[in-house]
$ cat work13.cif   # mmCIF, C-alpha atoms and all ligand atoms; chains and numbers go by the auth columns
data_final
#
loop_
_atom_site.group_PDB
_atom_site.id
_atom_site.type_symbol
_atom_site.label_atom_id
_atom_site.label_comp_id
_atom_site.label_asym_id
_atom_site.label_seq_id
_atom_site.Cartn_x
_atom_site.Cartn_y
_atom_site.Cartn_z
_atom_site.B_iso_or_equiv
_atom_site.auth_seq_id
_atom_site.auth_asym_id
ATOM 1 C CA MET A 1 -6.325 17.741 -13.071 0.00 25 A
ATOM 2 C CA SER A 2 -2.984 17.165 -11.367 0.00 26 A
ATOM 3 C CA LYS A 3 -0.585 14.445 -12.408 0.00 27 A
ATOM 4 C CA ALA A 4 0.138 11.596 -9.994 0.00 28 A
ATOM 5 C CA LEU A 5 2.850 10.112 -12.214 0.00 29 A
ATOM 6 C CA GLN A 6 4.969 11.416 -15.040 0.00 30 A
ATOM 7 C CA VAL A 7 7.168 9.015 -17.019 0.00 31 A
ATOM 8 C CA VAL A 8 9.943 10.592 -19.081 0.00 32 A
ATOM 9 C CA ASP A 9 12.003 8.833 -21.778 0.00 33 A
ATOM 10 C CA LEU A 10 11.966 5.618 -19.775 0.00 34 A
ATOM 11 C CA SER A 11 13.958 2.778 -21.331 0.00 35 A
ATOM 12 C CA MET A 12 14.764 -0.698 -20.082 0.00 36 A
ATOM 13 C CA LYS A 13 17.272 -3.277 -21.244 0.00 37 A
ATOM 14 C CA PHE A 14 18.183 -6.636 -19.757 0.00 38 A
ATOM 15 C CA ASP A 15 21.713 -7.278 -21.060 0.00 39 A
ATOM 16 C CA ASP A 16 21.267 -6.829 -24.824 0.00 40 A
ATOM 17 C CA GLN A 17 17.515 -7.323 -24.792 0.00 41 A
ATOM 18 C CA GLU A 18 15.682 -4.037 -25.158 0.00 42 A
ATOM 19 C CA ILE A 19 12.290 -4.316 -23.470 0.00 43 A
ATOM 20 C CA PHE A 20 11.021 -0.791 -24.111 0.00 44 A
ATOM 21 C CA LYS A 21 12.495 2.464 -25.284 0.00 45 A
ATOM 22 C CA LYS A 22 11.771 6.093 -24.416 0.00 46 A
ATOM 23 C CA LEU A 23 8.331 5.651 -22.904 0.00 47 A
ATOM 24 C CA ASN A 24 6.582 8.944 -22.197 0.00 48 A
ATOM 25 C CA PHE A 25 3.210 9.154 -20.477 0.00 49 A
ATOM 26 C CA SER A 26 1.509 10.538 -17.403 0.00 50 A
ATOM 27 C CA LEU A 27 -1.345 9.427 -15.156 0.00 51 A
ATOM 28 C CA GLU A 28 -3.747 11.890 -13.587 0.00 52 A
ATOM 29 C CA THR A 29 -4.581 11.823 -9.918 0.00 53 A
ATOM 30 C CA GLY A 30 -7.621 9.610 -9.341 0.00 54 A
ATOM 31 C CA SER A 31 -7.466 7.987 -12.796 0.00 55 A
ATOM 32 C CA MET A 32 -8.227 4.305 -13.456 0.00 56 A
ATOM 33 C CA THR A 33 -5.856 2.885 -16.060 0.00 57 A
ATOM 34 C CA ALA A 34 -5.473 -0.625 -17.465 0.00 58 A
ATOM 35 C CA LEU A 35 -1.908 -1.537 -18.425 0.00 59 A
ATOM 36 C CA LEU A 36 -2.336 -3.848 -21.416 0.00 60 A
ATOM 37 C CA GLY A 37 0.005 -5.605 -23.809 0.00 61 A
ATOM 38 C CA PRO A 38 1.059 -8.987 -25.165 0.00 62 A
ATOM 39 C CA ASN A 39 3.044 -11.504 -23.096 0.00 63 A
ATOM 40 C CA GLY A 40 6.594 -10.324 -22.636 0.00 64 A
ATOM 41 C CA ALA A 41 5.842 -6.703 -23.640 0.00 65 A
ATOM 42 C CA GLY A 42 7.317 -5.483 -20.356 0.00 66 A
ATOM 43 C CA LYS A 43 4.269 -4.684 -18.211 0.00 67 A
ATOM 44 C CA THR A 44 5.664 -6.302 -15.073 0.00 68 A
ATOM 45 C CA THR A 45 9.069 -4.761 -15.760 0.00 69 A
ATOM 46 C CA LEU A 46 7.451 -1.313 -15.953 0.00 70 A
ATOM 47 C CA VAL A 47 5.564 -1.962 -12.706 0.00 71 A
ATOM 48 C CA ARG A 48 8.775 -3.143 -10.995 0.00 72 A
ATOM 49 C CA ILE A 49 10.451 0.105 -12.019 0.00 73 A
ATOM 50 C CA LEU A 50 7.524 2.158 -10.692 0.00 74 A
ATOM 51 C CA ILE A 51 7.598 0.429 -7.301 0.00 75 A
ATOM 52 C CA GLY A 52 11.385 0.804 -7.039 0.00 76 A
ATOM 53 C CA MET A 53 12.315 -2.870 -7.415 0.00 77 A
ATOM 54 C CA LEU A 54 14.253 -2.230 -10.650 0.00 78 A
ATOM 55 C CA SER A 55 16.202 0.740 -11.980 0.00 79 A
ATOM 56 C CA PRO A 56 15.547 1.798 -15.569 0.00 80 A
ATOM 57 C CA SER A 57 18.432 1.765 -18.069 0.00 81 A
ATOM 58 C CA HIS A 58 17.596 5.345 -19.094 0.00 82 A
ATOM 59 C CA GLY A 59 15.038 8.018 -18.334 0.00 83 A
ATOM 60 C CA TYR A 60 13.127 8.576 -15.134 0.00 84 A
ATOM 61 C CA PHE A 61 9.689 8.891 -13.582 0.00 85 A
ATOM 62 C CA GLU A 62 8.299 11.351 -11.085 0.00 86 A
ATOM 63 C CA LEU A 63 5.530 10.847 -8.564 0.00 87 A
ATOM 64 C CA ALA A 64 3.686 13.889 -7.211 0.00 88 A
ATOM 65 C CA ASP A 65 4.914 14.929 -3.757 0.00 89 A
ATOM 66 C CA ASP A 66 1.903 13.547 -1.894 0.00 90 A
ATOM 67 C CA VAL A 67 1.798 10.208 -3.732 0.00 91 A
ATOM 68 C CA LYS A 68 2.209 7.008 -1.756 0.00 92 A
ATOM 69 C CA VAL A 69 2.257 3.867 -3.871 0.00 93 A
ATOM 70 C CA GLY A 70 0.751 0.542 -2.817 0.00 94 A
ATOM 71 C CA TYR A 71 1.395 -2.660 -4.719 0.00 95 A
ATOM 72 C CA VAL A 72 -0.856 -5.698 -4.989 0.00 96 A
ATOM 73 C CA PRO A 73 0.778 -8.784 -6.533 0.00 97 A
ATOM 74 C CA GLN A 74 -1.128 -11.697 -7.989 0.00 98 A
ATOM 75 C CA PHE A 75 -1.865 -14.005 -5.063 0.00 99 A
ATOM 76 C CA ARG A 76 0.550 -16.863 -4.676 0.00 100 A
ATOM 77 C CA ASN A 77 -0.321 -20.483 -4.273 0.00 101 A
ATOM 78 C CA ILE A 78 -0.227 -20.447 -0.526 0.00 102 A
ATOM 79 C CA ASP A 79 0.374 -23.812 1.117 0.00 103 A
ATOM 80 C CA PRO A 80 -2.963 -25.217 2.411 0.00 104 A
ATOM 81 C CA ASP A 81 -1.212 -25.630 5.800 0.00 105 A
ATOM 82 C CA TYR A 82 -0.136 -21.947 5.941 0.00 106 A
ATOM 83 C CA PRO A 83 -1.059 -21.113 9.516 0.00 107 A
ATOM 84 C CA LEU A 84 -1.872 -17.371 9.464 0.00 108 A
ATOM 85 C CA SER A 85 -5.449 -16.182 9.548 0.00 109 A
ATOM 86 C CA ILE A 86 -6.596 -13.631 6.982 0.00 110 A
ATOM 87 C CA LYS A 87 -6.473 -10.967 9.697 0.00 111 A
ATOM 88 C CA SER A 88 -2.921 -11.871 10.790 0.00 112 A
ATOM 89 C CA PHE A 89 -1.819 -11.923 7.154 0.00 113 A
ATOM 90 C CA ILE A 90 -3.195 -8.406 6.601 0.00 114 A
ATOM 91 C CA GLU A 91 -1.411 -7.231 9.767 0.00 115 A
ATOM 92 C CA LEU A 92 1.971 -8.740 8.803 0.00 116 A
ATOM 93 C CA ASN A 93 3.659 -5.370 8.316 0.00 117 A
ATOM 94 C CA THR A 94 2.288 -3.774 11.477 0.00 118 A
ATOM 95 C CA PRO A 95 4.054 -3.722 14.872 0.00 119 A
ATOM 96 C CA PHE A 96 3.448 -6.706 17.172 0.00 120 A
ATOM 97 C CA TRP A 97 1.929 -4.441 19.827 0.00 121 A
ATOM 98 C CA LYS A 98 -0.734 -2.575 17.905 0.00 122 A
ATOM 99 C CA SER A 99 -2.054 0.857 18.795 0.00 123 A
ATOM 100 C CA LYS A 100 -5.804 1.430 18.872 0.00 124 A
ATOM 101 C CA LYS A 101 -5.406 3.409 15.666 0.00 125 A
ATOM 102 C CA VAL A 102 -3.863 0.444 13.848 0.00 126 A
ATOM 103 C CA LYS A 103 -6.495 -1.949 15.245 0.00 127 A
ATOM 104 C CA ASP A 104 -9.259 0.397 14.065 0.00 128 A
ATOM 105 C CA GLN A 105 -7.655 0.643 10.633 0.00 129 A
ATOM 106 C CA VAL A 106 -7.418 -3.145 10.357 0.00 130 A
ATOM 107 C CA ASN A 107 -11.097 -3.480 11.270 0.00 131 A
ATOM 108 C CA HIS A 108 -12.095 -0.790 8.815 0.00 132 A
ATOM 109 C CA ILE A 109 -10.124 -2.407 6.000 0.00 133 A
ATOM 110 C CA LEU A 110 -11.469 -5.880 6.813 0.00 134 A
ATOM 111 C CA GLN A 111 -14.943 -4.384 6.431 0.00 135 A
ATOM 112 C CA GLU A 112 -14.136 -2.476 3.269 0.00 136 A
ATOM 113 C CA THR A 113 -12.635 -5.547 1.558 0.00 137 A
ATOM 114 C CA HIS A 114 -15.563 -7.760 2.682 0.00 138 A
ATOM 115 C CA LEU A 115 -13.300 -9.922 4.842 0.00 139 A
ATOM 116 C CA LYS A 116 -14.757 -9.074 8.251 0.00 140 A
ATOM 117 C CA GLY A 117 -16.607 -12.376 8.626 0.00 141 A
ATOM 118 C CA LEU A 118 -13.547 -14.255 7.368 0.00 142 A
ATOM 119 C CA ALA A 119 -10.967 -12.597 9.618 0.00 143 A
ATOM 120 C CA ASP A 120 -10.176 -15.874 11.429 0.00 144 A
ATOM 121 C CA THR A 121 -10.209 -18.080 8.322 0.00 145 A
ATOM 122 C CA ARG A 122 -6.736 -19.406 7.582 0.00 146 A
ATOM 123 C CA MET A 123 -5.134 -17.963 4.431 0.00 147 A
ATOM 124 C CA GLY A 124 -4.336 -21.544 3.365 0.00 148 A
ATOM 125 C CA GLU A 125 -8.051 -22.373 3.343 0.00 149 A
ATOM 126 C CA ALA A 126 -9.260 -19.141 1.726 0.00 150 A
ATOM 127 C CA SER A 127 -10.563 -19.087 -1.851 0.00 151 A
ATOM 128 C CA GLY A 128 -8.584 -17.364 -4.606 0.00 152 A
ATOM 129 C CA GLY A 129 -10.822 -14.303 -4.422 0.00 153 A
ATOM 130 C CA GLN A 130 -10.498 -14.093 -0.640 0.00 154 A
ATOM 131 C CA LYS A 131 -6.704 -14.420 -0.835 0.00 155 A
ATOM 132 C CA GLN A 132 -6.546 -11.714 -3.482 0.00 156 A
ATOM 133 C CA ARG A 133 -8.697 -9.405 -1.347 0.00 157 A
ATOM 134 C CA ALA A 134 -6.366 -10.111 1.601 0.00 158 A
ATOM 135 C CA TYR A 135 -3.381 -8.988 -0.518 0.00 159 A
ATOM 136 C CA LEU A 136 -5.336 -5.855 -1.436 0.00 160 A
ATOM 137 C CA ALA A 137 -6.238 -5.251 2.229 0.00 161 A
ATOM 138 C CA GLN A 138 -2.576 -5.667 3.236 0.00 162 A
ATOM 139 C CA ALA A 139 -1.569 -3.006 0.693 0.00 163 A
ATOM 140 C CA LEU A 140 -4.407 -0.667 1.779 0.00 164 A
ATOM 141 C CA LEU A 141 -3.312 -0.801 5.410 0.00 165 A
ATOM 142 C CA ASP A 142 -0.311 1.297 4.442 0.00 166 A
ATOM 143 C CA GLN A 143 -2.780 3.994 3.296 0.00 167 A
ATOM 144 C CA PRO A 144 -1.569 4.452 -0.275 0.00 168 A
ATOM 145 C CA ASN A 145 -3.260 6.895 -2.653 0.00 169 A
ATOM 146 C CA PHE A 146 -1.926 5.204 -5.797 0.00 170 A
ATOM 147 C CA ILE A 147 -2.349 1.480 -6.155 0.00 171 A
ATOM 148 C CA ILE A 148 -0.744 -0.820 -8.715 0.00 172 A
ATOM 149 C CA LEU A 149 -2.258 -4.257 -9.245 0.00 173 A
ATOM 150 C CA ASP A 150 -0.349 -6.824 -11.301 0.00 174 A
ATOM 151 C CA GLU A 151 -2.651 -9.432 -12.889 0.00 175 A
ATOM 152 C CA ALA A 152 -4.749 -9.419 -9.740 0.00 176 A
ATOM 153 C CA THR A 153 -7.748 -11.063 -11.413 0.00 177 A
ATOM 154 C CA ALA A 154 -5.824 -13.557 -13.570 0.00 178 A
ATOM 155 C CA SER A 155 -6.633 -16.770 -11.733 0.00 179 A
ATOM 156 C CA LEU A 156 -10.001 -15.815 -10.275 0.00 180 A
ATOM 157 C CA ASP A 157 -13.419 -17.185 -11.247 0.00 181 A
ATOM 158 C CA PRO A 158 -15.856 -14.718 -12.884 0.00 182 A
ATOM 159 C CA LYS A 159 -17.710 -13.911 -9.648 0.00 183 A
ATOM 160 C CA ALA A 160 -14.488 -13.270 -7.699 0.00 184 A
ATOM 161 C CA LYS A 161 -13.207 -11.103 -10.561 0.00 185 A
ATOM 162 C CA GLU A 162 -16.315 -8.927 -10.498 0.00 186 A
ATOM 163 C CA GLU A 163 -16.161 -8.640 -6.709 0.00 187 A
ATOM 164 C CA LEU A 164 -12.520 -7.531 -6.781 0.00 188 A
ATOM 165 C CA MET A 165 -13.114 -5.078 -9.609 0.00 189 A
ATOM 166 C CA SER A 166 -16.123 -3.451 -7.955 0.00 190 A
ATOM 167 C CA LEU A 167 -14.038 -3.143 -4.803 0.00 191 A
ATOM 168 C CA ILE A 168 -11.275 -1.408 -6.772 0.00 192 A
ATOM 169 C CA ALA A 169 -13.848 0.900 -8.389 0.00 193 A
ATOM 170 C CA HIS A 170 -15.222 1.681 -4.917 0.00 194 A
ATOM 171 C CA ILE A 171 -11.753 2.464 -3.545 0.00 195 A
ATOM 172 C CA ASN A 172 -11.000 4.674 -6.540 0.00 196 A
ATOM 173 C CA HIS A 173 -14.261 6.536 -6.061 0.00 197 A
ATOM 174 C CA GLU A 174 -14.292 6.809 -2.252 0.00 198 A
ATOM 175 C CA HIS A 175 -10.601 7.512 -1.685 0.00 199 A
ATOM 176 C CA LYS A 176 -9.750 9.250 -4.993 0.00 200 A
ATOM 177 C CA MET A 177 -7.179 6.483 -5.392 0.00 201 A
ATOM 178 C CA THR A 178 -5.156 6.452 -8.607 0.00 202 A
ATOM 179 C CA VAL A 179 -5.314 2.900 -10.024 0.00 203 A
ATOM 180 C CA LEU A 180 -2.953 1.176 -12.443 0.00 204 A
ATOM 181 C CA PHE A 181 -4.191 -2.308 -13.231 0.00 205 A
ATOM 182 C CA VAL A 182 -2.156 -4.794 -15.283 0.00 206 A
ATOM 183 C CA THR A 183 -4.408 -7.227 -17.105 0.00 207 A
ATOM 184 C CA HIS A 184 -4.935 -9.371 -20.189 0.00 208 A
ATOM 185 C CA ASP A 185 -8.703 -9.258 -19.728 0.00 209 A
ATOM 186 C CA ILE A 186 -9.891 -6.580 -22.142 0.00 210 A
ATOM 187 C CA PRO A 187 -13.657 -7.025 -21.571 0.00 211 A
ATOM 188 C CA LEU A 188 -13.099 -6.662 -17.806 0.00 212 A
ATOM 189 C CA ALA A 189 -10.878 -3.611 -18.349 0.00 213 A
ATOM 190 C CA LYS A 190 -13.553 -2.086 -20.601 0.00 214 A
ATOM 191 C CA ARG A 191 -16.141 -2.493 -17.866 0.00 215 A
ATOM 192 C CA TYR A 192 -14.115 -1.064 -15.015 0.00 216 A
ATOM 193 C CA MET A 193 -11.151 0.992 -16.234 0.00 217 A
ATOM 194 C CA LYS A 194 -11.474 4.411 -17.848 0.00 218 A
ATOM 195 C CA ASP A 195 -8.112 4.705 -19.619 0.00 219 A
ATOM 196 C CA TYR A 196 -5.545 2.365 -21.077 0.00 220 A
ATOM 197 C CA LEU A 197 -1.799 2.200 -21.576 0.00 221 A
ATOM 198 C CA TYR A 198 -0.851 -0.264 -24.284 0.00 222 A
ATOM 199 C CA LEU A 199 2.708 -1.561 -24.184 0.00 223 A
ATOM 200 C CA SER A 200 3.815 -3.304 -27.363 0.00 224 A
ATOM 201 C CA ASP A 201 6.968 -3.573 -29.497 0.00 225 A
ATOM 202 C CA GLY A 202 8.883 -1.445 -27.029 0.00 226 A
ATOM 203 C CA THR A 203 6.546 1.553 -27.190 0.00 227 A
ATOM 204 C CA VAL A 204 3.479 2.742 -25.332 0.00 228 A
ATOM 205 C CA SER A 205 0.183 4.245 -26.473 0.00 229 A
ATOM 206 C CA GLN A 206 -2.490 5.766 -24.273 0.00 230 A
ATOM 207 C CA GLY A 207 -6.189 6.459 -24.649 0.00 231 A
ATOM 208 C CA LYS A 208 -9.729 5.926 -23.394 0.00 232 A
ATOM 209 C CA MET A 209 -10.549 2.293 -22.636 0.00 233 A
ATOM 210 C CA GLU A 210 -13.780 2.487 -24.665 0.00 234 A
ATOM 211 C CA ASP A 211 -11.672 3.311 -27.747 0.00 235 A
ATOM 212 C CA PHE A 212 -9.216 0.417 -27.254 0.00 236 A
ATOM 213 C CA LYS A 213 -9.166 -1.605 -30.479 0.00 237 A
ATOM 214 C CA GLU A 214 -5.959 -3.672 -30.388 0.00 238 A
ATOM 215 C CA ASN A 215 -6.199 -7.409 -30.556 0.00 239 A
ATOM 216 C CA PHE A 216 -3.360 -9.227 -28.865 0.00 240 A
ATOM 217 C CA ASN A 217 -2.632 -12.710 -27.497 0.00 241 A
HETATM 218 N N1 LIG B . 15.145 -9.859 -14.320 0.00 301 B
HETATM 219 C C1 LIG B . 15.137 -10.120 -15.634 0.00 301 B
HETATM 220 N N2 LIG B . 16.265 -10.441 -16.296 0.00 301 B
HETATM 221 C C2 LIG B . 16.275 -10.666 -17.624 0.00 301 B
HETATM 222 N N3 LIG B . 15.159 -10.605 -18.402 0.00 301 B
HETATM 223 C C3 LIG B . 14.005 -10.293 -17.804 0.00 301 B
HETATM 224 C C4 LIG B . 13.920 -10.031 -16.398 0.00 301 B
HETATM 225 N N4 LIG B . 12.624 -9.734 -16.086 0.00 301 B
HETATM 226 C C5 LIG B . 11.945 -9.817 -17.238 0.00 301 B
HETATM 227 N N5 LIG B . 12.749 -10.150 -18.264 0.00 301 B
HETATM 228 C C6 LIG B . 12.343 -10.270 -19.679 0.00 301 B
HETATM 229 O O1 LIG B . 11.738 -9.060 -20.050 0.00 301 B
HETATM 230 C C7 LIG B . 10.648 -9.289 -20.953 0.00 301 B
HETATM 231 C C8 LIG B . 9.413 -8.605 -20.423 0.00 301 B
HETATM 232 O O2 LIG B . 8.939 -9.352 -19.304 0.00 301 B
HETATM 233 P P1 LIG B . 7.692 -8.869 -18.428 0.00 301 B
HETATM 234 O O3 LIG B . 7.444 -9.925 -17.402 0.00 301 B
HETATM 235 O O4 LIG B . 7.930 -7.478 -17.969 0.00 301 B
HETATM 236 O O5 LIG B . 6.532 -8.855 -19.523 0.00 301 B
HETATM 237 P P2 LIG B . 4.965 -8.799 -19.299 0.00 301 B
HETATM 238 O O6 LIG B . 4.418 -7.853 -20.310 0.00 301 B
HETATM 239 O O7 LIG B . 4.654 -8.523 -17.877 0.00 301 B
HETATM 240 O O8 LIG B . 4.562 -10.287 -19.685 0.00 301 B
HETATM 241 P P3 LIG B . 3.310 -11.188 -19.187 0.00 301 B
HETATM 242 O O9 LIG B . 2.091 -10.581 -19.794 0.00 301 B
HETATM 243 O O10 LIG B . 3.631 -12.519 -19.807 0.00 301 B
HETATM 244 O O11 LIG B . 3.320 -11.203 -17.693 0.00 301 B
HETATM 245 C C9 LIG B . 10.558 -10.802 -21.123 0.00 301 B
HETATM 246 O O12 LIG B . 11.236 -11.158 -22.306 0.00 301 B
HETATM 247 C C10 LIG B . 11.286 -11.330 -19.900 0.00 301 B
HETATM 248 O O13 LIG B . 11.863 -12.584 -20.165 0.00 301 B
#

$ encode --input "work13.cif" --output "structure tokens" --more "lines below"
Ligand SMILES: Nc1ncnc2c1ncn2[C@@H]1O[C@H](COP(=O)(O)OP(=O)(O)OP(=O)(O)O)[C@@H](O)[C@H]1O
Amino acid sequence: MSKALQVVDLSMKFDDQEIFKKLNFSLETGSMTALLGPNGAGKTTLVRILIGMLSPSHGYFELADDVKVGYVPQFRNIDPDYPLSIKSFIELNTPFWKSKKVKDQVNHILQETHLKGLADTRMGEASGGQKQRAYLAQALLDQPNFIILDEATASLDPKAKEELMSLIAHINHEHKMTVLFVTHDIPLAKRYMKDYLYLSDGTVSQGKMEDFKENFN
């Protein structure tokens, strides 16, 4: 198996506060990994480094040459009056005048994320699960092959959680997408993720999700 990501001696400090020190791990292409750890362990900080929003204090990470990273944040509390439709929201990063190729991609992604029938629903009126799928669809439109989701299921009801997770499993399977999924929900991670990274006390451990035994929070 080839490696999509290799993390080497990665350390992060905010002023004098050391968040993690000398992390070393790699993720294989097409793997499904849950990033777990107690509150404040540094999961979001690690993700922000991986998507280029923050620079590490020391160390580095390498993505394979063909890797394109997509990022799905936890959906925000969008104002109920927010005027954009789900479709317009997904298209936000596309040119105003869209080529046929882009239009076809949007339609395909609307279908894949089960939002086709909701394309004209306003984001402000959409349910939490629909909003979260719209964020996922927006990230997918950029055609990533490595997707990072930060607490994407945190405020969803059980049905919406399952729907999002089966969608992520489908995308992983169909598109050989590498998935890194930050979560506190261990039972959900055990059902859908194959591997784990556990960030705690400034260090990281890695293993098969079925063997994950830590109890945190
Ligand atoms: N920009 C920043 N400046 C200073 N400190 C920060 C900054 N971002 C995060 N921190 C601190 O770094 C630590 C790790 O935060 P982070 O959000 O990465 O943890 P987390 O594991 O994602 O937590 P949670 O599970 O609660 O989301 C916390 O103590 C936080 O206060």

$ residues_around --input "work13.cif" --residues "Ile172 (chain A)" --least-positions-apart "3" --cutoff "7 Å" --atoms "all atoms listed in the file" --output "PyMOL selection string"
chain A and resi 94-96+203-205

$ closest_residue --input "work13.cif" --among "A:Lys218, A:Lys237, A:Arg72, A:Arg146" --to "Tyr106 (chain A)" --atoms "all atoms listed in the file"
A:Arg146

$ resolve_selection --input "work13.cif" --expression "the PyMOL selection byres (((chain A and resi 228) around 12) and not hetatm)" --output "ChimeraX atom specification"
/A:31-35,43-50,59-62,65-67,70,220-227,229-231

$ closest_residue --input "work13.cif" --among "A:His208, A:Lys124, A:Lys111, A:Arg157" --to "Met189 (chain A)" --atoms "only C-alpha atoms"
A:Arg157

$ resolve_selection --input "work13.cif" --expression "the PyMOL selection byres (((chain A and resi 100) around 10) and not hetatm)" --output "PDB file with C-alpha atoms, in the frame of the given file"
ATOM      1  CA  PRO A  97       0.778  -8.784  -6.533  1.00  0.00           C
ATOM      2  CA  GLN A  98      -1.128 -11.697  -7.989  1.00  0.00           C
ATOM      3  CA  PHE A  99      -1.865 -14.005  -5.063  1.00  0.00           C
ATOM      4  CA  ASN A 101      -0.321 -20.483  -4.273  1.00  0.00           C
ATOM      5  CA  ILE A 102      -0.227 -20.447  -0.526  1.00  0.00           C
ATOM      6  CA  ASP A 103       0.374 -23.812   1.117  1.00  0.00           C
ATOM      7  CA  GLY A 152      -8.584 -17.364  -4.606  1.00  0.00           C
ATOM      8  CA  LYS A 155      -6.704 -14.420  -0.835  1.00  0.00           C
ATOM      9  CA  GLN A 156      -6.546 -11.714  -3.482  1.00  0.00           C
ATOM     10  CA  TYR A 159      -3.381  -8.988  -0.518  1.00  0.00           C
TER      11      TYR A 159
END

$ residues_near_point --input "work13.cif" --point "(-4.5, -3.9, 11.2)" --cutoff "12 Å" --atoms "all atoms listed in the file" --output "VMD selection string"
chain A and resid 110 to 135 140 143 158 161 to 167

$ closest_residue --input "work13.cif" --among "A:Met217, A:Ala150, A:Ile171, A:Ala176" --to "ligand LIG 301 (chain B)" --atoms "only C-alpha atoms and all ligand atoms"
A:Ala176

$ residues_around --input "work13.cif" --residues "Lys214 (chain A)" --least-positions-apart "2" --cutoff "10 Å" --atoms "only C-alpha atoms" --output "VMD selection string"
chain A and resid 58 209 to 212 216 to 220 232 to 236

$ resolve_selection --input "work13.cif" --expression "the PyMOL selection byres (((chain A and resi 80) around 9) and not hetatm)" --output "VMD selection string"
chain A and resid 34 to 37 70 73 78 to 79 81 to 84

$ atom_distance --input "work13.cif" --atom1 "CA of Met25 (chain A)" --atom2 "CA of Met201 (chain A)"
13.7 Å

$ atom_distance --input "work13.cif" --atom1 "atom O2 of ligand LIG 301 (chain B)" --atom2 "CA of Ala178 (chain A)"
16.4 Å

$ closest_residue --input "work13.cif" --among "A:Leu173, A:Leu51, A:Pro104, A:Asn63" --to "Leu188 (chain A)" --atoms "only C-alpha atoms"
A:Leu173

$ residues_near_point --input "work13.cif" --point "(-15.2, -5.8, -3.6)" --cutoff "8 Å" --atoms "all atoms listed in the file" --output "list of chain:residue names"
A:Glu136, A:Thr137, A:His138, A:Arg157, A:Glu186, A:Glu187, A:Leu188, A:Met189, A:Ser190, A:Leu191, A:Ile192, A:His194

$ atom_distance --input "work13.cif" --atom1 "CA of Ser55 (chain A)" --atom2 "CA of Gln154 (chain A)"
25.4 Å

$ closest_residue --input "work13.cif" --among "A:Gly153, A:Gly76, A:Thr145, A:Asp174" --to "ligand LIG 301 (chain B)" --atoms "all atoms listed in the file"
A:Asp174

$ residues_around --input "work13.cif" --residues "Asp89 (chain A)" --least-positions-apart "4" --cutoff "12 Å" --atoms "all atoms listed in the file" --output "tab-separated table (two decimals) with C-alpha atoms, in the coordinates of the input"
chain	number	residue	atom	x	y	z
A	26	SER	CA	-2.98	17.16	-11.37
A	27	LYS	CA	-0.58	14.44	-12.41
A	28	ALA	CA	0.14	11.60	-9.99
A	29	LEU	CA	2.85	10.11	-12.21
A	30	GLN	CA	4.97	11.42	-15.04
A	53	THR	CA	-4.58	11.82	-9.92
A	93	VAL	CA	2.26	3.87	-3.87
A	169	ASN	CA	-3.26	6.90	-2.65

$ axis_aligned_box --input "work13.cif" --around "ligand LIG 301 (chain B)" --padding-each-side "8 Å" --output "lines of an AutoDock Vina configuration file"
center_x = 9.2
center_y = -10.0
center_z = -18.3
size_x = 30.2
size_y = 21.1
size_z = 24.0

$ closest_residue --input "work13.cif" --among "A:Met56, A:Thr202, A:Met147, A:Ser179" --to "Ala88 (chain A)" --atoms "all atoms listed in the file"
A:Thr202

$ build_atoms --input "work13.cif" --residues "region 64-74 of chain A" --atoms "N, CA and C atoms" --output "PDB file, in the frame of the given file"
ATOM      1  N   GLY A  64       5.199 -10.696 -22.419  1.00  0.00           N
ATOM      2  CA  GLY A  64       6.594 -10.324 -22.636  1.00  0.00           C
ATOM      3  C   GLY A  64       6.797  -8.890 -23.093  1.00  0.00           C
ATOM      4  N   ALA A  65       5.716  -8.096 -23.166  1.00  0.00           N
ATOM      5  CA  ALA A  65       5.842  -6.703 -23.640  1.00  0.00           C
ATOM      6  C   ALA A  65       6.590  -5.828 -22.632  1.00  0.00           C
ATOM      7  N   GLY A  66       6.578  -6.250 -21.363  1.00  0.00           N
ATOM      8  CA  GLY A  66       7.317  -5.483 -20.356  1.00  0.00           C
ATOM      9  C   GLY A  66       6.428  -4.827 -19.307  1.00  0.00           C
ATOM     10  N   LYS A  67       5.189  -5.301 -19.171  1.00  0.00           N
ATOM     11  CA  LYS A  67       4.269  -4.684 -18.211  1.00  0.00           C
ATOM     12  C   LYS A  67       4.787  -4.834 -16.777  1.00  0.00           C
ATOM     13  N   THR A  68       5.167  -6.075 -16.437  1.00  0.00           N
ATOM     14  CA  THR A  68       5.664  -6.302 -15.073  1.00  0.00           C
ATOM     15  C   THR A  68       6.976  -5.554 -14.847  1.00  0.00           C
ATOM     16  N   THR A  69       7.805  -5.504 -15.880  1.00  0.00           N
ATOM     17  CA  THR A  69       9.069  -4.761 -15.760  1.00  0.00           C
ATOM     18  C   THR A  69       8.777  -3.290 -15.471  1.00  0.00           C
ATOM     19  N   LEU A  70       7.815  -2.718 -16.191  1.00  0.00           N
ATOM     20  CA  LEU A  70       7.451  -1.313 -15.953  1.00  0.00           C
ATOM     21  C   LEU A  70       6.950  -1.130 -14.517  1.00  0.00           C
ATOM     22  N   VAL A  71       6.085  -2.049 -14.075  1.00  0.00           N
ATOM     23  CA  VAL A  71       5.564  -1.962 -12.706  1.00  0.00           C
ATOM     24  C   VAL A  71       6.711  -2.050 -11.699  1.00  0.00           C
ATOM     25  N   ARG A  72       7.645  -2.982 -11.941  1.00  0.00           N
ATOM     26  CA  ARG A  72       8.775  -3.143 -10.995  1.00  0.00           C
ATOM     27  C   ARG A  72       9.621  -1.884 -10.929  1.00  0.00           C
ATOM     28  N   ILE A  73       9.725  -1.175 -12.047  1.00  0.00           N
ATOM     29  CA  ILE A  73      10.451   0.105 -12.019  1.00  0.00           C
ATOM     30  C   ILE A  73       9.658   1.107 -11.172  1.00  0.00           C
ATOM     31  N   LEU A  74       8.346   1.154 -11.393  1.00  0.00           N
ATOM     32  CA  LEU A  74       7.524   2.158 -10.692  1.00  0.00           C
ATOM     33  C   LEU A  74       7.482   1.929  -9.187  1.00  0.00           C
TER      34      LEU A  74
END
